[in-house]
>>> print(open('protein-v8.cif').read())   # mmCIF, N, CA and C atoms
data_start
loop_
_atom_site.label_atom_id
_atom_site.label_comp_id
_atom_site.auth_asym_id
_atom_site.auth_seq_id
_atom_site.Cartn_x
_atom_site.Cartn_y
_atom_site.Cartn_z
N MET A 1 93.30 111.46 110.96
CA MET A 1 93.60 110.09 111.30
C MET A 1 92.70 109.18 110.48
N ALA A 2 93.26 108.12 109.97
CA ALA A 2 92.51 107.14 109.18
C ALA A 2 92.21 105.92 110.05
N TYR A 3 91.12 105.25 109.72
CA TYR A 3 90.71 104.09 110.51
C TYR A 3 90.49 102.88 109.61
N ASN A 4 90.84 101.72 110.13
CA ASN A 4 90.44 100.46 109.53
C ASN A 4 90.23 99.48 110.68
N LEU A 5 90.05 98.23 110.40
CA LEU A 5 89.75 97.27 111.46
C LEU A 5 90.98 96.72 112.16
N GLN A 6 92.16 97.19 111.78
CA GLN A 6 93.39 96.74 112.39
C GLN A 6 93.80 97.69 113.52
N THR A 7 94.20 97.14 114.66
CA THR A 7 94.68 97.96 115.77
C THR A 7 96.15 98.28 115.53
N SER A 8 96.49 99.56 115.62
CA SER A 8 97.89 99.93 115.39
C SER A 8 98.18 101.26 116.06
N ARG A 9 99.46 101.58 116.17
CA ARG A 9 99.91 102.86 116.69
C ARG A 9 101.02 103.33 115.78
N GLU A 10 100.88 104.55 115.27
CA GLU A 10 101.87 105.05 114.33
C GLU A 10 102.36 106.41 114.74
N ALA A 11 103.63 106.66 114.48
CA ALA A 11 104.22 107.96 114.77
C ALA A 11 103.76 108.99 113.74
N PHE A 12 103.84 110.25 114.09
CA PHE A 12 103.47 111.33 113.18
C PHE A 12 104.36 111.30 111.95
N VAL A 13 103.74 111.44 110.78
CA VAL A 13 104.45 111.47 109.51
C VAL A 13 103.94 112.67 108.73
N GLY A 14 104.77 113.26 107.96
CA GLY A 14 104.31 114.33 107.08
C GLY A 14 104.71 115.69 107.56
N GLY A 15 103.73 116.56 107.71
CA GLY A 15 104.00 117.93 108.09
C GLY A 15 103.78 118.89 106.93
N LYS A 16 103.50 118.35 105.75
CA LYS A 16 103.23 119.18 104.58
C LYS A 16 101.81 119.72 104.69
N ASN A 17 101.62 120.97 104.30
CA ASN A 17 100.31 121.59 104.37
C ASN A 17 99.94 122.11 102.98
N ILE A 18 98.81 121.66 102.45
CA ILE A 18 98.37 122.12 101.14
C ILE A 18 97.29 123.19 101.23
N LEU A 19 96.81 123.47 102.45
CA LEU A 19 95.73 124.42 102.61
C LEU A 19 96.21 125.85 102.37
N ALA A 20 95.50 126.56 101.51
CA ALA A 20 95.84 127.95 101.20
C ALA A 20 94.92 128.92 101.93
N SER A 21 94.00 128.41 102.71
CA SER A 21 93.04 129.24 103.44
C SER A 21 92.60 128.48 104.68
N GLU A 22 92.19 129.23 105.68
CA GLU A 22 91.66 128.57 106.88
C GLU A 22 90.22 128.11 106.69
N HIS A 23 89.59 128.57 105.63
CA HIS A 23 88.21 128.19 105.33
C HIS A 23 88.22 126.93 104.47
N VAL A 24 87.80 125.84 105.05
CA VAL A 24 87.83 124.56 104.36
C VAL A 24 86.64 123.73 104.83
N GLN A 25 86.12 122.91 103.94
CA GLN A 25 85.03 122.00 104.30
C GLN A 25 85.44 120.59 103.88
N PHE A 26 85.27 119.66 104.81
CA PHE A 26 85.56 118.26 104.54
C PHE A 26 84.26 117.52 104.25
N ILE A 27 84.38 116.39 103.61
CA ILE A 27 83.23 115.54 103.33
C ILE A 27 82.55 115.20 104.66
N GLU A 28 81.24 115.28 104.70
CA GLU A 28 80.52 115.14 105.97
C GLU A 28 80.52 113.73 106.54
N VAL A 29 80.41 112.74 105.73
CA VAL A 29 80.22 111.37 106.22
C VAL A 29 81.48 110.52 106.17
N GLY A 30 82.60 111.09 105.81
CA GLY A 30 83.83 110.33 105.67
C GLY A 30 83.88 109.62 104.33
N ALA A 31 85.00 109.05 104.04
CA ALA A 31 85.21 108.37 102.76
C ALA A 31 85.92 107.05 103.00
N THR A 32 85.43 106.00 102.37
CA THR A 32 86.08 104.70 102.45
C THR A 32 87.00 104.56 101.25
N LEU A 33 88.31 104.46 101.53
CA LEU A 33 89.29 104.30 100.46
C LEU A 33 89.43 102.82 100.13
N ASP A 34 89.35 102.48 98.87
CA ASP A 34 89.46 101.09 98.42
C ASP A 34 90.93 100.68 98.43
N ALA A 35 91.32 99.95 99.46
CA ALA A 35 92.73 99.58 99.65
C ALA A 35 93.26 98.73 98.50
N THR A 36 92.41 97.90 97.89
CA THR A 36 92.89 97.05 96.81
C THR A 36 93.25 97.87 95.57
N VAL A 37 92.58 99.01 95.38
CA VAL A 37 92.89 99.87 94.24
C VAL A 37 94.11 100.74 94.53
N PHE A 38 94.21 101.27 95.76
CA PHE A 38 95.36 102.10 96.12
C PHE A 38 96.63 101.27 96.26
N GLY A 39 96.49 100.02 96.69
CA GLY A 39 97.66 99.17 96.89
C GLY A 39 98.35 99.46 98.21
N ALA A 40 99.41 98.71 98.48
CA ALA A 40 100.16 98.88 99.71
C ALA A 40 101.10 100.07 99.59
N GLY A 41 101.23 100.82 100.67
CA GLY A 41 102.14 101.97 100.70
C GLY A 41 101.43 103.21 101.22
N THR A 42 102.09 104.34 101.10
CA THR A 42 101.54 105.60 101.60
C THR A 42 100.72 106.28 100.51
N ILE A 43 99.52 106.70 100.87
CA ILE A 43 98.68 107.51 100.00
C ILE A 43 98.96 108.94 100.43
N GLU A 44 99.52 109.73 99.53
CA GLU A 44 99.99 111.06 99.88
C GLU A 44 98.89 112.08 100.10
N LEU A 45 99.14 112.98 101.02
CA LEU A 45 98.31 114.15 101.22
C LEU A 45 98.24 114.90 99.90
N GLY A 46 97.07 115.36 99.52
CA GLY A 46 96.90 116.07 98.26
C GLY A 46 96.50 115.19 97.10
N THR A 47 96.33 113.89 97.34
CA THR A 47 95.91 112.97 96.28
C THR A 47 94.48 113.28 95.86
N LEU A 48 94.26 113.33 94.56
CA LEU A 48 92.93 113.54 94.01
C LEU A 48 92.16 112.23 94.07
N ILE A 49 90.95 112.26 94.65
CA ILE A 49 90.16 111.04 94.76
C ILE A 49 88.74 111.29 94.28
N ALA A 50 88.05 110.21 93.95
CA ALA A 50 86.65 110.27 93.55
C ALA A 50 85.98 108.95 93.94
N ARG A 51 84.68 109.00 94.17
CA ARG A 51 83.94 107.80 94.57
C ARG A 51 83.49 107.03 93.34
N ASN A 52 83.84 105.75 93.32
CA ASN A 52 83.40 104.85 92.26
C ASN A 52 81.93 104.54 92.53
N SER A 53 81.06 104.92 91.63
CA SER A 53 79.61 104.76 91.87
C SER A 53 79.18 103.30 91.92
N SER A 54 79.95 102.38 91.36
CA SER A 54 79.56 100.97 91.40
C SER A 54 79.95 100.30 92.72
N THR A 55 81.07 100.71 93.33
CA THR A 55 81.50 100.10 94.60
C THR A 55 81.15 100.96 95.80
N GLY A 56 80.98 102.27 95.60
CA GLY A 56 80.73 103.18 96.71
C GLY A 56 82.00 103.57 97.45
N LYS A 57 83.15 103.11 96.98
CA LYS A 57 84.43 103.41 97.63
C LYS A 57 85.20 104.44 96.82
N PHE A 58 86.06 105.18 97.51
CA PHE A 58 86.88 106.18 96.84
C PHE A 58 88.15 105.56 96.29
N GLU A 59 88.56 106.06 95.14
CA GLU A 59 89.76 105.59 94.45
C GLU A 59 90.58 106.79 94.01
N PRO A 60 91.86 106.57 93.70
CA PRO A 60 92.63 107.69 93.13
C PRO A 60 92.03 108.08 91.79
N TYR A 61 91.97 109.37 91.52
CA TYR A 61 91.36 109.81 90.28
C TYR A 61 92.41 109.91 89.18
N ASN A 62 92.23 109.19 88.11
CA ASN A 62 93.11 109.22 86.93
C ASN A 62 92.24 109.28 85.69
N GLU A 63 92.65 110.10 84.73
CA GLU A 63 91.91 110.21 83.47
C GLU A 63 92.65 109.47 82.37
N THR A 64 91.92 108.71 81.56
CA THR A 64 92.55 108.07 80.40
C THR A 64 92.64 109.06 79.25
N THR A 65 91.64 109.94 79.12
CA THR A 65 91.66 111.00 78.12
C THR A 65 91.62 112.32 78.87
N GLU A 66 92.72 113.07 78.81
CA GLU A 66 92.80 114.30 79.58
C GLU A 66 91.68 115.26 79.20
N GLY A 67 91.07 115.86 80.23
CA GLY A 67 89.99 116.80 80.01
C GLY A 67 88.61 116.16 79.95
N THR A 68 88.57 114.83 80.06
CA THR A 68 87.29 114.11 80.01
C THR A 68 87.14 113.30 81.29
N LEU A 69 86.06 113.54 82.02
CA LEU A 69 85.82 112.79 83.26
C LEU A 69 85.66 111.30 82.97
N GLU A 70 86.21 110.51 83.86
CA GLU A 70 86.04 109.06 83.75
C GLU A 70 84.60 108.71 84.10
N PRO A 71 83.93 107.89 83.31
CA PRO A 71 82.56 107.50 83.65
C PRO A 71 82.53 106.64 84.91
N GLY A 72 81.44 106.78 85.67
CA GLY A 72 81.27 105.96 86.87
C GLY A 72 81.89 106.54 88.11
N PHE A 73 82.32 107.81 88.08
CA PHE A 73 82.91 108.45 89.26
C PHE A 73 82.12 109.69 89.63
N GLU A 74 82.06 109.95 90.94
CA GLU A 74 81.36 111.12 91.47
C GLU A 74 82.01 111.53 92.79
N ASP A 75 81.54 112.59 93.39
CA ASP A 75 82.04 113.07 94.69
C ASP A 75 83.56 113.27 94.67
N PHE A 76 84.01 114.23 93.90
CA PHE A 76 85.43 114.49 93.72
C PHE A 76 85.98 115.31 94.89
N GLY A 77 87.16 114.95 95.38
CA GLY A 77 87.76 115.67 96.49
C GLY A 77 89.26 115.49 96.53
N VAL A 78 89.87 116.14 97.53
CA VAL A 78 91.32 116.10 97.71
C VAL A 78 91.61 115.59 99.12
N LEU A 79 92.45 114.58 99.22
CA LEU A 79 92.83 114.01 100.52
C LEU A 79 93.70 115.01 101.28
N ASN A 80 93.40 115.23 102.56
CA ASN A 80 94.14 116.22 103.35
C ASN A 80 95.01 115.57 104.42
N ILE A 81 95.28 114.29 104.32
CA ILE A 81 96.17 113.58 105.24
C ILE A 81 96.96 112.53 104.48
N ASP A 82 98.10 112.15 105.05
CA ASP A 82 98.83 110.99 104.55
C ASP A 82 98.18 109.75 105.15
N VAL A 83 98.04 108.70 104.36
CA VAL A 83 97.39 107.48 104.83
C VAL A 83 98.26 106.30 104.44
N LYS A 84 98.47 105.38 105.38
CA LYS A 84 99.19 104.15 105.07
C LYS A 84 98.18 103.07 104.74
N SER A 85 98.39 102.43 103.60
CA SER A 85 97.51 101.36 103.16
C SER A 85 98.28 100.05 103.13
N ASP A 86 97.63 98.98 103.58
CA ASP A 86 98.26 97.66 103.50
C ASP A 86 97.85 96.93 102.22
N GLY A 87 96.99 97.57 101.42
CA GLY A 87 96.56 96.97 100.16
C GLY A 87 95.43 95.97 100.29
N GLU A 88 94.98 95.71 101.53
CA GLU A 88 93.93 94.73 101.76
C GLU A 88 92.73 95.29 102.51
N ASN A 89 92.99 96.03 103.59
CA ASN A 89 91.93 96.53 104.46
C ASN A 89 91.55 97.95 104.07
N ASP A 90 90.28 98.16 103.74
CA ASP A 90 89.82 99.49 103.38
C ASP A 90 90.05 100.46 104.53
N ILE A 91 90.20 101.73 104.20
CA ILE A 91 90.53 102.76 105.18
C ILE A 91 89.44 103.82 105.15
N ILE A 92 88.99 104.24 106.32
CA ILE A 92 87.99 105.29 106.42
C ILE A 92 88.69 106.58 106.85
N VAL A 93 88.49 107.63 106.07
CA VAL A 93 89.10 108.93 106.37
C VAL A 93 88.01 110.00 106.41
N GLY A 94 88.26 111.05 107.16
CA GLY A 94 87.32 112.15 107.25
C GLY A 94 87.83 113.41 106.59
N GLU A 95 89.13 113.50 106.39
CA GLU A 95 89.70 114.73 105.86
C GLU A 95 89.83 114.68 104.34
N VAL A 96 88.68 114.77 103.70
CA VAL A 96 88.61 114.88 102.25
C VAL A 96 88.06 116.26 101.94
N ILE A 97 88.87 117.10 101.33
CA ILE A 97 88.48 118.48 101.05
C ILE A 97 87.45 118.50 99.92
N VAL A 98 86.31 119.14 100.17
CA VAL A 98 85.29 119.31 99.13
C VAL A 98 85.03 120.80 98.85
N ARG A 99 85.57 121.66 99.71
CA ARG A 99 85.44 123.11 99.51
C ARG A 99 86.61 123.79 100.21
N GLY A 100 87.24 124.72 99.52
CA GLY A 100 88.34 125.47 100.11
C GLY A 100 89.39 125.83 99.06
N SER A 101 90.54 126.24 99.54
CA SER A 101 91.65 126.61 98.66
C SER A 101 92.86 125.78 99.01
N VAL A 102 93.54 125.25 97.99
CA VAL A 102 94.74 124.44 98.21
C VAL A 102 95.86 124.91 97.30
N TYR A 103 97.09 124.69 97.75
CA TYR A 103 98.26 125.01 96.93
C TYR A 103 98.51 123.85 95.97
N VAL A 104 98.29 124.08 94.71
CA VAL A 104 98.40 123.02 93.71
C VAL A 104 99.85 122.54 93.55
N ASP A 105 100.82 123.41 93.77
CA ASP A 105 102.23 123.03 93.61
C ASP A 105 102.71 122.06 94.69
N LYS A 106 101.98 121.95 95.78
CA LYS A 106 102.36 121.04 96.86
C LYS A 106 101.68 119.68 96.74
N MET A 107 100.82 119.53 95.74
CA MET A 107 100.09 118.28 95.56
C MET A 107 100.91 117.29 94.73
N PRO A 108 100.72 115.97 94.93
CA PRO A 108 101.49 114.99 94.16
C PRO A 108 101.20 115.03 92.66
N ALA A 109 99.99 115.42 92.28
CA ALA A 109 99.62 115.53 90.86
C ALA A 109 98.66 116.71 90.71
N ALA A 110 98.86 117.46 89.66
CA ALA A 110 97.99 118.62 89.40
C ALA A 110 96.63 118.15 88.92
N PRO A 111 95.57 118.80 89.36
CA PRO A 111 94.23 118.43 88.89
C PRO A 111 94.04 118.83 87.43
N THR A 112 93.31 118.03 86.70
CA THR A 112 93.01 118.33 85.30
C THR A 112 91.84 119.31 85.23
N SER A 113 91.60 119.85 84.08
CA SER A 113 90.47 120.77 83.90
C SER A 113 89.14 120.07 84.19
N ALA A 114 89.03 118.80 83.84
CA ALA A 114 87.79 118.05 84.09
C ALA A 114 87.58 117.85 85.59
N PHE A 115 88.65 117.55 86.32
CA PHE A 115 88.53 117.37 87.77
C PHE A 115 88.12 118.68 88.42
N LYS A 116 88.74 119.78 88.00
CA LYS A 116 88.39 121.09 88.55
C LYS A 116 86.92 121.42 88.30
N ALA A 117 86.43 121.11 87.12
CA ALA A 117 85.04 121.39 86.78
C ALA A 117 84.08 120.50 87.57
N ALA A 118 84.53 119.28 87.91
CA ALA A 118 83.68 118.35 88.64
C ALA A 118 83.46 118.80 90.08
N ASN A 119 84.39 119.55 90.64
CA ASN A 119 84.22 120.14 91.97
C ASN A 119 84.77 121.55 91.91
N ASP A 120 83.91 122.47 91.52
CA ASP A 120 84.35 123.86 91.39
C ASP A 120 84.33 124.62 92.70
N ASN A 121 84.11 123.92 93.82
CA ASN A 121 84.19 124.54 95.15
C ASN A 121 85.60 124.55 95.70
N ILE A 122 86.53 123.91 95.00
CA ILE A 122 87.93 123.92 95.42
C ILE A 122 88.69 124.86 94.50
N ARG A 123 89.43 125.79 95.10
CA ARG A 123 90.28 126.70 94.31
C ARG A 123 91.72 126.19 94.41
N TYR A 124 92.41 126.22 93.29
CA TYR A 124 93.80 125.74 93.22
C TYR A 124 94.70 126.95 93.05
N ILE A 125 95.53 127.20 94.05
CA ILE A 125 96.38 128.38 94.11
C ILE A 125 97.82 127.96 93.86
N PRO A 126 98.54 128.66 92.96
CA PRO A 126 99.96 128.37 92.80
C PRO A 126 100.74 128.81 94.03
N ALA A 127 101.70 128.00 94.49
CA ALA A 127 102.52 128.37 95.64
C ALA A 127 103.42 129.54 95.27
N ARG A 128 103.69 130.38 96.22
CA ARG A 128 104.53 131.56 95.95
C ARG A 128 105.81 131.50 96.69
#
>>> encode(input="protein-v8.cif", output="structure tokens")
Amino acid sequence: MAYNLQTSREAFVGGKNILASEHVQFIEVGATLDATVFGAGTIELGTLIARNSSTGKFEPYNETTEGTLEPGFEDFGVLNIDVKSDGENDIIVGEVIVRGSVYVDKMPAAPTSAFKAANDNIRYIPAR
């Protein structure tokens, strides 16, 4: 479940599971998603995220040069829930995978070699 300062009630959405193992570790202190960067809409389960070291907030991870980490990012992880963003209010989530195994074929975008190297505690398994 994601939290922001808006009171709301939402029906269950999703049902997709990217976990390839029952052994998983989530980020300990939660992650603040920068709503202005994600924009309005659904942030999909399996989205690759990283913390922007200048703002302290997590953003979707995108590389301009494949295989090269973007400067200014740290704490790489994979979102394990669907999140609705209004594009204005930051969202706090706890289910950010930092260790475990995930099915890469079920993710919205495949991780690059640089992303995998930045967090080598996550194993990416092809779906069978």
>>> closest_atom_pairs(input="protein-v8.cif", of="region 17-58 of chain A", to="region 77-83 of chain A", cutoff="10 Å", atoms="only C-alpha atoms", output="tab-separated table")
residue	atom	partner	partner_atom	distance
A:Asn17	CA	A:Asn80	CA	8.2
A:Ile18	CA	A:Asn80	CA	7.6
A:Leu19	CA	A:Asn80	CA	8.4
A:Phe26	CA	A:Gly77	CA	8.7
A:Ile27	CA	A:Gly77	CA	8.2
A:Ala31	CA	A:Leu79	CA	9.7
A:Leu33	CA	A:Val83	CA	9.7
A:Gly41	CA	A:Val83	CA	8.4
A:Thr42	CA	A:Val83	CA	5.6
A:Ile43	CA	A:Val83	CA	5.0
A:Glu44	CA	A:Asp82	CA	4.8
A:Leu45	CA	A:Ile81	CA	4.6
A:Gly46	CA	A:Leu79	CA	5.1
A:Thr47	CA	A:Leu79	CA	5.3
A:Leu48	CA	A:Val78	CA	4.8
A:Ile49	CA	A:Gly77	CA	5.5
A:Ala50	CA	A:Gly77	CA	6.2
A:Arg51	CA	A:Gly77	CA	9.0
A:Phe58	CA	A:Gly77	CA	9.5
>>> closest_residue(input="protein-v8.cif", among="A:Val102, A:Ile91, A:Ala35, A:Ala110", to="Ile125 (chain A)", atoms="only N, CA and C atoms")
A:Val102
>>> atom_distance(input="protein-v8.cif", atom1="atom N of Glu22 (chain A)", atom2="CA of Asp120 (chain A)")
17.2 Å
>>> select_by_dssp(input="protein-v8.cif", residues="chain A", states="strand (DSSP E or B)", output="MDAnalysis selection string")
chainID A and resid 3 19:26 31:33 40:43 48:52 58:60 73:79 83:86 91:93 96:103 122:125
>>> closest_residue(input="protein-v8.cif", among="A:Val37, A:Pro108, A:Phe76, A:Pro60", to="Val96 (chain A)", atoms="only N, CA and C atoms")
A:Phe76
>>> atom_distance(input="protein-v8.cif", atom1="CA of Thr32 (chain A)", atom2="CA of Leu69 (chain A)")
20.8 Å
>>> closest_residue(input="protein-v8.cif", among="A:Asp90, A:Ile122, A:Thr64, A:Val24", to="Phe38 (chain A)", atoms="only C-alpha atoms")
A:Asp90
>>> closest_residue(input="protein-v8.cif", among="A:Gly67, A:Pro126, A:Gly87, A:Gly30", to="Asp105 (chain A)", atoms="all atoms listed in the file")
A:Pro126
>>> select_by_dssp(input="protein-v8.cif", residues="region 80-116 of chain A", states="helix (DSSP H, G or I)", output="ChimeraX atom specification")
/A:104-106,113-116
>>> atom_distance(input="protein-v8.cif", atom1="CA of Ser54 (chain A)", atom2="atom C of Glu74 (chain A)")
10.9 Å
>>> axis_aligned_box(input="protein-v8.cif", around="region 97-100 of chain A", padding_each_side="3 Å", output="AutoDock Vina command-line options")
--center_x 87.2 --center_y 121.5 --center_z 100.1 --size_x 10.4 --size_y 14.7 --size_z 8.5
>>> closest_residue(input="protein-v8.cif", among="A:Glu59, A:Thr68, A:Val93, A:Ser53", to="Val29 (chain A)", atoms="all atoms listed in the file")
A:Val93
>>> decode(input="protein-v8.cif", residues="region 42-66 of chain A", atoms="N, CA and C atoms", output="mmCIF file, in the first residue's frame")
data_model
loop_
_atom_site.group_PDB
_atom_site.id
_atom_site.type_symbol
_atom_site.label_atom_id
_atom_site.label_comp_id
_atom_site.auth_asym_id
_atom_site.auth_seq_id
_atom_site.Cartn_x
_atom_site.Cartn_y
_atom_site.Cartn_z
ATOM 1 N N THR A 42 -0.752 5.381 -13.403
ATOM 2 C CA THR A 42 -0.325 4.218 -12.630
ATOM 3 C C THR A 42 1.162 3.963 -12.829
ATOM 4 N N ILE A 43 1.866 3.782 -11.726
ATOM 5 C CA ILE A 43 3.266 3.367 -11.753
ATOM 6 C C ILE A 43 3.225 1.857 -11.590
ATOM 7 N N GLU A 44 3.676 1.140 -12.605
ATOM 8 C CA GLU A 44 3.517 -0.309 -12.637
ATOM 9 C C GLU A 44 4.433 -1.058 -11.690
ATOM 10 N N LEU A 45 3.913 -2.145 -11.171
ATOM 11 C CA LEU A 45 4.707 -3.099 -10.415
ATOM 12 C C LEU A 45 5.860 -3.556 -11.298
ATOM 13 N N GLY A 46 7.045 -3.640 -10.748
ATOM 14 C CA GLY A 46 8.213 -4.047 -11.524
ATOM 15 C C GLY A 46 8.996 -2.895 -12.118
ATOM 16 N N THR A 47 8.560 -1.657 -11.856
ATOM 17 C CA THR A 47 9.274 -0.487 -12.363
ATOM 18 C C THR A 47 10.628 -0.362 -11.677
ATOM 19 N N LEU A 48 11.657 -0.113 -12.460
ATOM 20 C CA LEU A 48 12.996 0.102 -11.933
ATOM 21 C C LEU A 48 13.082 1.524 -11.396
ATOM 22 N N ILE A 49 13.544 1.668 -10.143
ATOM 23 C CA ILE A 49 13.641 3.001 -9.555
ATOM 24 C C ILE A 49 15.006 3.188 -8.907
ATOM 25 N N ALA A 50 15.371 4.443 -8.706
ATOM 26 C CA ALA A 50 16.613 4.795 -8.022
ATOM 27 C C ALA A 50 16.413 6.138 -7.326
ATOM 28 N N ARG A 51 17.167 6.355 -6.251
ATOM 29 C CA ARG A 51 17.043 7.592 -5.491
ATOM 30 C C ARG A 51 17.935 8.668 -6.092
ATOM 31 N N ASN A 52 17.331 9.807 -6.390
ATOM 32 C CA ASN A 52 18.066 10.972 -6.871
ATOM 33 C C ASN A 52 18.794 11.567 -5.673
ATOM 34 N N SER A 53 20.110 11.579 -5.712
ATOM 35 C CA SER A 53 20.881 12.027 -4.542
ATOM 36 C C SER A 53 20.714 13.514 -4.255
ATOM 37 N N SER A 54 20.280 14.309 -5.220
ATOM 38 C CA SER A 54 20.095 15.741 -4.960
ATOM 39 C C SER A 54 18.750 16.041 -4.299
ATOM 40 N N THR A 55 17.704 15.271 -4.612
ATOM 41 C CA THR A 55 16.386 15.509 -4.012
ATOM 42 C C THR A 55 16.074 14.549 -2.877
ATOM 43 N N GLY A 56 16.719 13.375 -2.866
ATOM 44 C CA GLY A 56 16.429 12.357 -1.867
ATOM 45 C C GLY A 56 15.188 11.547 -2.191
ATOM 46 N N LYS A 57 14.571 11.804 -3.342
ATOM 47 C CA LYS A 57 13.357 11.092 -3.742
ATOM 48 C C LYS A 57 13.677 10.087 -4.840
ATOM 49 N N PHE A 58 12.851 9.046 -4.903
ATOM 50 C CA PHE A 58 13.039 8.019 -5.924
ATOM 51 C C PHE A 58 12.349 8.414 -7.218
ATOM 52 N N GLU A 59 12.985 8.057 -8.323
ATOM 53 C CA GLU A 59 12.481 8.352 -9.664
ATOM 54 C C GLU A 59 12.575 7.091 -10.508
ATOM 55 N N PRO A 60 11.843 7.055 -11.628
ATOM 56 C CA PRO A 60 12.028 5.914 -12.532
ATOM 57 C C PRO A 60 13.449 5.941 -13.076
ATOM 58 N N TYR A 61 14.056 4.769 -13.189
ATOM 59 C CA TYR A 61 15.434 4.726 -13.657
ATOM 60 C C TYR A 61 15.471 4.589 -15.173
ATOM 61 N N ASN A 62 16.096 5.521 -15.845
ATOM 62 C CA ASN A 62 16.285 5.507 -17.297
ATOM 63 C C ASN A 62 17.724 5.884 -17.601
ATOM 64 N N GLU A 63 18.330 5.184 -18.544
ATOM 65 C CA GLU A 63 19.702 5.491 -18.944
ATOM 66 C C GLU A 63 19.712 6.223 -20.273
ATOM 67 N N THR A 64 20.516 7.278 -20.382
ATOM 68 C CA THR A 64 20.670 7.950 -21.668
ATOM 69 C C THR A 64 21.668 7.200 -22.539
ATOM 70 N N THR A 65 22.704 6.628 -21.907
ATOM 71 C CA THR A 65 23.671 5.796 -22.612
ATOM 72 C C THR A 65 23.599 4.406 -22.010
ATOM 73 N N GLU A 66 23.108 3.447 -22.788
ATOM 74 C CA GLU A 66 22.912 2.104 -22.251
ATOM 75 C C GLU A 66 24.223 1.524 -21.725
#
